[in-house]
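Q: Below is the file coords.cif, which contains mmCIF, C-alpha atoms.
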```
data_upload
loop_
_atom_site.label_atom_id
_atom_site.label_comp_id
_atom_site.auth_asym_id
_atom_site.auth_seq_id
_atom_site.Cartn_x
_atom_site.Cartn_y
_atom_site.Cartn_z
CA LYS A 1 -17.61 -3.75 -5.40
CA ASN A 2 -18.41 -7.47 -5.41
CA PHE A 3 -15.32 -8.70 -7.23
CA GLY A 4 -11.61 -8.67 -6.47
CA GLU A 5 -8.78 -10.41 -8.25
CA GLY A 6 -4.99 -10.43 -8.01
CA GLU A 7 -1.90 -12.08 -6.60
CA VAL A 8 -2.49 -13.56 -3.13
CA VAL A 9 0.08 -12.41 -0.56
CA PHE A 10 0.26 -12.48 3.23
CA PHE A 11 1.03 -10.05 6.06
CA THR A 12 2.11 -11.45 9.45
CA GLY A 13 2.00 -8.31 11.62
CA MET A 14 -0.15 -8.43 14.75
CA VAL A 15 -1.19 -4.81 14.18
CA GLY A 16 -0.97 -2.39 11.29
CA TYR A 17 -3.78 -3.42 8.95
CA VAL A 18 -4.57 0.24 8.21
CA GLU A 19 -0.98 0.85 7.11
CA ALA A 20 -0.81 -2.40 5.14
CA LEU A 21 -4.03 -1.74 3.23
CA THR A 22 -2.80 1.71 2.15
CA ASP A 23 0.73 0.57 1.29
CA PRO A 24 1.22 1.06 -2.48
CA SER A 25 3.42 -2.06 -2.50
CA TYR A 26 0.24 -4.15 -2.21
CA ARG A 27 -1.41 -2.54 -5.24
CA GLY A 28 -3.73 -4.99 -7.00
CA GLN A 29 -3.03 -7.85 -4.56
CA ILE A 30 -5.33 -9.87 -2.32
CA LEU A 31 -3.93 -9.49 1.18
CA VAL A 32 -4.14 -12.33 3.70
CA LEU A 33 -3.71 -11.31 7.36
CA THR A 34 -2.45 -14.01 9.76
CA SER A 35 -3.35 -12.18 12.98
CA PRO A 36 -6.37 -14.06 14.43
CA MET A 37 -8.57 -10.97 14.96
CA ILE A 38 -8.83 -7.97 12.66
CA GLY A 39 -10.88 -4.82 12.98
CA ASN A 40 -10.93 -4.50 16.78
CA TYR A 41 -9.29 -1.07 16.80
CA GLY A 42 -11.24 0.31 13.85
CA VAL A 43 -9.95 2.86 11.34
CA PRO A 44 -8.66 6.38 12.08
CA SER A 45 -9.59 9.46 10.07
CA THR A 46 -8.66 9.03 6.44
CA GLU A 47 -9.00 12.79 5.90
CA SER A 48 -6.46 13.91 8.53
CA LYS A 49 -3.31 15.51 7.08
CA ASP A 50 0.00 16.54 8.61
CA ASP A 51 0.30 20.14 9.82
CA VAL A 52 0.09 22.55 6.88
CA ASN A 53 2.56 24.84 8.71
CA ASP A 54 5.17 22.11 9.10
CA PRO A 55 8.53 23.63 8.02
CA THR A 56 9.85 20.22 6.93
CA GLY A 57 7.54 20.22 3.93
CA LEU A 58 5.74 17.05 5.05
CA ASN A 59 2.47 18.97 5.17
CA GLY A 60 -0.26 17.31 3.20
CA LEU A 61 0.80 13.73 3.93
CA SER A 62 -1.93 11.55 5.38
CA THR A 63 -1.46 11.45 9.15
CA PHE A 64 -2.45 7.81 9.71
CA LEU A 65 -2.24 6.18 6.26
CA GLU A 66 0.72 5.18 4.09
CA SER A 67 -0.91 6.79 1.04
CA ASP A 68 -4.18 8.48 0.20
CA LYS A 69 -6.28 5.32 -0.33
CA ILE A 70 -6.56 1.54 -0.07
CA HIS A 71 -4.50 -0.22 -2.72
CA VAL A 72 -5.29 -3.91 -2.18
CA ALA A 73 -7.70 -5.71 -4.50
CA GLY A 74 -9.18 -7.74 -1.64
CA LEU A 75 -8.74 -8.75 1.99
CA ILE A 76 -8.93 -12.15 3.71
CA VAL A 77 -9.00 -12.53 7.52
CA THR A 78 -9.81 -15.20 10.08
CA ASP A 79 -12.02 -13.37 12.60
CA TYR A 80 -13.46 -9.93 11.94
CA SER A 81 -14.56 -7.63 14.76
CA ALA A 82 -17.32 -5.23 13.72
CA ASP A 83 -17.13 -3.69 17.19
CA PHE A 84 -14.07 -1.50 17.58
CA SER A 85 -12.51 0.61 20.31
CA HIS A 86 -9.61 3.04 19.94
CA TRP A 87 -9.06 6.68 20.85
CA ASN A 88 -8.69 7.84 17.23
CA ALA A 89 -11.04 5.41 15.47
CA VAL A 90 -13.83 7.02 13.46
CA LYS A 91 -15.25 4.05 11.58
CA SER A 92 -15.12 0.26 11.34
CA LEU A 93 -12.84 -1.63 9.00
CA GLY A 94 -15.88 -3.04 7.20
CA GLN A 95 -17.31 0.42 6.64
CA TRP A 96 -14.01 1.67 5.23
CA LEU A 97 -13.68 -1.29 2.85
CA ASN A 98 -17.26 -0.83 1.71
CA GLU A 99 -16.74 2.88 1.04
CA SER A 100 -13.58 2.03 -0.92
CA GLY A 101 -15.20 -0.74 -2.95
CA VAL A 102 -12.82 -3.42 -1.68
CA PRO A 103 -14.24 -6.95 -1.20
CA ALA A 104 -13.24 -8.97 1.85
CA LEU A 105 -13.72 -12.39 3.42
CA PHE A 106 -13.64 -13.61 7.01
CA GLY A 107 -13.96 -17.08 8.50
CA VAL A 108 -10.91 -18.36 6.59
CA ASP A 109 -7.99 -20.24 8.16
CA THR A 110 -5.47 -17.63 7.05
CA ARG A 111 -2.47 -19.35 8.64
CA LYS A 112 -3.15 -22.52 6.67
CA LEU A 113 -3.59 -20.40 3.54
CA THR A 114 -0.33 -18.58 4.31
CA LYS A 115 1.52 -21.90 4.49
CA LYS A 116 0.13 -22.80 1.09
CA ILE A 117 1.31 -19.48 -0.35
CA ARG A 118 4.72 -19.79 1.31
CA ASP A 119 5.33 -23.36 0.17
CA SER A 120 4.06 -22.93 -3.39
CA GLY A 121 7.27 -21.33 -4.66
CA THR A 122 5.33 -19.55 -7.40
CA THR A 123 2.90 -16.67 -7.73
CA ILE A 124 -0.60 -17.64 -6.60
CA MET A 125 -3.47 -15.72 -8.19
CA GLY A 126 -6.85 -15.48 -6.49
CA ARG A 127 -10.37 -14.16 -6.89
CA ILE A 128 -12.96 -12.99 -4.37
CA GLU A 129 -16.58 -12.92 -5.52
CA LEU A 130 -19.43 -11.60 -3.38
CA ALA A 131 -23.08 -12.30 -4.09
CA GLY A 132 -24.26 -8.70 -4.27
CA ASP A 133 -24.36 -8.23 -0.49
CA GLU A 134 -24.37 -4.48 0.26
CA SER A 135 -23.58 -4.99 3.96
CA PRO A 136 -20.69 -2.87 5.28
CA HIS A 137 -19.26 -6.00 6.90
CA PRO A 138 -16.89 -8.42 5.15
CA SER A 139 -18.68 -11.40 3.63
CA THR A 140 -17.81 -15.09 3.41
CA THR A 141 -19.42 -15.71 0.02
CA SER A 142 -16.74 -17.33 -2.15
CA SER A 143 -13.10 -17.31 -3.10
CA SER A 144 -10.83 -19.31 -5.35
CA LEU A 145 -7.21 -19.72 -6.36
CA LEU A 146 -6.35 -19.38 -10.04
CA SER A 147 -3.50 -20.21 -12.33
CA ASP A 148 -1.57 -17.27 -13.78
CA ASP A 149 -3.20 -17.74 -17.18
CA ASP A 150 -6.72 -17.43 -15.70
CA SER A 151 -6.20 -14.01 -14.12
CA THR A 152 -6.77 -10.71 -15.86
CA ASN A 153 -4.92 -8.96 -12.99
CA ASN A 154 -1.68 -10.87 -13.31
CA PRO A 155 0.94 -8.44 -11.89
CA SER A 156 3.41 -9.39 -14.63
CA LEU A 157 0.96 -8.04 -17.21
CA LEU A 158 0.13 -4.76 -15.46
CA ARG A 159 2.15 -1.58 -15.01
CA LEU A 160 1.44 -1.38 -11.30
CA VAL A 161 4.22 1.09 -10.52
CA ALA A 162 2.81 3.56 -13.05
CA GLN A 163 -0.54 3.32 -11.23
CA VAL A 164 0.83 4.31 -7.81
CA ALA A 165 3.84 6.57 -8.48
CA GLN A 166 3.18 10.30 -8.15
CA PRO A 167 3.64 12.16 -11.46
CA LEU A 168 5.04 15.40 -10.02
CA ILE A 169 8.39 16.36 -8.48
CA LYS A 170 8.10 17.26 -4.79
CA VAL A 171 10.68 18.38 -2.23
CA TYR A 172 10.54 17.43 1.45
CA GLY A 173 12.86 18.77 4.15
CA GLN A 174 13.87 21.80 2.12
CA GLY A 175 17.30 23.09 3.20
CA LEU A 176 18.42 19.95 5.03
CA SER A 177 21.60 18.11 4.07
CA PRO A 178 22.62 15.84 2.43
CA ARG A 179 20.22 16.00 -0.50
CA ILE A 180 18.69 12.78 -1.83
CA ILE A 181 16.78 12.19 -5.03
CA ALA A 182 14.15 9.48 -4.48
CA PHE A 183 12.53 7.56 -7.32
CA ASP A 184 8.90 6.95 -6.42
CA CYS A 185 8.05 3.38 -7.42
CA GLY A 186 5.29 3.21 -4.80
CA MET A 187 6.78 5.01 -1.82
CA LYS A 188 5.13 4.91 1.61
CA ASN A 189 4.62 8.08 3.63
CA ASN A 190 6.71 6.77 6.51
CA ILE A 191 9.76 6.49 4.26
CA LEU A 192 9.58 10.23 3.78
CA ARG A 193 9.12 10.81 7.51
CA CYS A 194 12.13 8.62 8.27
CA PHE A 195 14.35 10.53 5.85
CA VAL A 196 13.26 14.00 6.91
CA LEU A 197 12.46 13.71 10.62
CA GLU A 198 14.97 11.05 11.69
CA GLN A 199 17.82 11.24 9.19
CA ARG A 200 17.43 14.99 8.61
CA VAL A 201 18.00 14.90 4.87
CA GLN A 202 16.34 16.78 2.00
CA VAL A 203 14.38 14.44 -0.25
CA THR A 204 13.37 15.32 -3.80
CA VAL A 205 10.79 12.78 -4.94
CA VAL A 206 10.61 12.18 -8.69
CA PRO A 207 8.44 9.87 -10.80
CA PHE A 208 9.77 6.35 -11.39
CA ASP A 209 10.50 7.21 -15.03
CA TYR A 210 12.38 10.48 -14.41
CA ASP A 211 15.40 10.74 -16.75
CA LEU A 212 18.26 11.35 -14.33
CA GLN A 213 20.85 11.44 -17.09
CA LEU A 214 19.16 14.41 -18.72
CA ASN A 215 17.92 15.76 -15.36
CA PRO A 216 15.55 18.29 -16.97
CA ALA A 217 14.63 19.80 -13.56
CA ASN A 218 18.33 20.31 -12.74
CA ILE A 219 17.96 18.60 -9.35
CA GLN A 220 21.00 18.85 -7.09
CA TYR A 221 21.69 15.71 -5.07
CA GLU A 222 24.36 13.76 -3.21
CA GLY A 223 22.52 10.44 -3.01
CA ILE A 224 20.01 8.30 -4.89
CA PHE A 225 17.18 6.27 -3.35
CA LEU A 226 14.98 3.76 -5.17
CA SER A 227 11.77 3.04 -3.29
CA ASN A 228 10.08 -0.32 -3.13
CA GLY A 229 6.77 -0.80 -4.88
CA PRO A 230 4.32 -3.28 -6.39
CA GLY A 231 5.00 -5.91 -9.04
CA ASP A 232 8.27 -7.23 -10.45
CA PRO A 233 11.21 -4.78 -10.29
CA GLN A 234 12.26 -5.97 -13.73
CA ASP A 235 9.15 -4.27 -15.10
CA CYS A 236 10.54 -0.85 -14.07
CA ARG A 237 12.65 -0.55 -17.19
CA GLU A 238 12.62 3.24 -17.14
CA THR A 239 13.96 3.32 -13.56
CA ILE A 240 16.63 0.71 -14.26
#
```
Before anything else, please render the file you have as structure tokens.
A:
Amino acid sequence: KNFGEGEVVFFTGMVGYVEALTDPSYRGQILVLTSPMIGNYGVPSTESKDDVNDPTGLNGLSTFLESDKIHVAGLIVTDYSADFSHWNAVKSLGQWLNESGVPALFGVDTRKLTKKIRDSGTTIMGRIELAGDESPHPSTTSSSLLSDDDSTNNPSLLRLVAQVAQPLIKVYGQGLSPRIIAFDCGMKNNILRCFVLEQRVQVTVVPFDYDLQLNPANIQYEGIFLSNGPGDPQDCRETI
């Protein structure tokens, strides 16, 4: 699409743009990447899933992504490489963004912009508008910073967690111990992998608004985990 609006945030990792773009924590935000070149290693298969015969119960998780889709409202980078090279790349970053309807800009001094965001001390809202260009490559058409009152995608006015949390109860690492109940407020796939594969615990993932006091599913657990997620934690009244 040719329009993206949301809170402007930054990511300082040198690699990992695929993981960042699919991280539910960035839902509805415009992501600024400080690494000077983005796109040079392309995008891996977005259809690949973990082994369906995996006894840990992690089958079905996206192999290379942190969730099943891009969550950001827009992307801003300094230099974009349309040419990519990596052993598991199947498409360019621009192609992926275009298929997902996510607008992007390049040719921006993202480190200067990051300093502005860092030093502002308040939430900075932004808007990306493209002039109808259907090219699969990011465009440099226009962008602007807004006040909170000007933005229809103000995170304080949206229930972002409800948009990204899974609605069903799922168990991973069945039979492992101890048993943890995890409230999904926007959980990344690698959190589950860390719990099950590294810590060897059973994780029962429940929606962010699951009533633990009533515990209608009669879930047995020895520990509680609250995942991170998008927006202000104070908006998760049901979880709190």
Q: Expressed in Å to a single decimal, how great is the separation between CA of Met14 in chain A and CA of Asn40 in chain A?
A: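 The value is 11.7 Å.
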Q: Quick one: of A:Cys185, A:Leu58, A:Leu97, A:Lys116, who's nearest to Asp232 in chain A, counting only C-alpha atoms?
A: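 Ranked by minimum distance to Asp232 in chain A, first place goes to A:Cys185.
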Q: Tell me, in Å to one decimal, how far CA of Gly6 in chain A is from CA of Thr46 in chain A.
A: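 CA of Thr46 in chain A lies 24.5 Å from CA of Gly6 in chain A.
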Q: Name the residues within 6 Å of (8.8, 14.7, -6.3), counting all atoms listed in the file in the file's coordinates, and put them as an NGL selection string.
A: :A and (168-171 or 204-206)
Q: So that I can check the surroundings of Arg193 in chain A, please list as number ranges by chain every protein, DNA and RNA residue that reaches within 10 Å of it, counting all atoms listed in the file and ignoring chain neighbours fewer than 3 positions away.
A: A: 56, 58, 61, 172-173, 188-190, 196-200
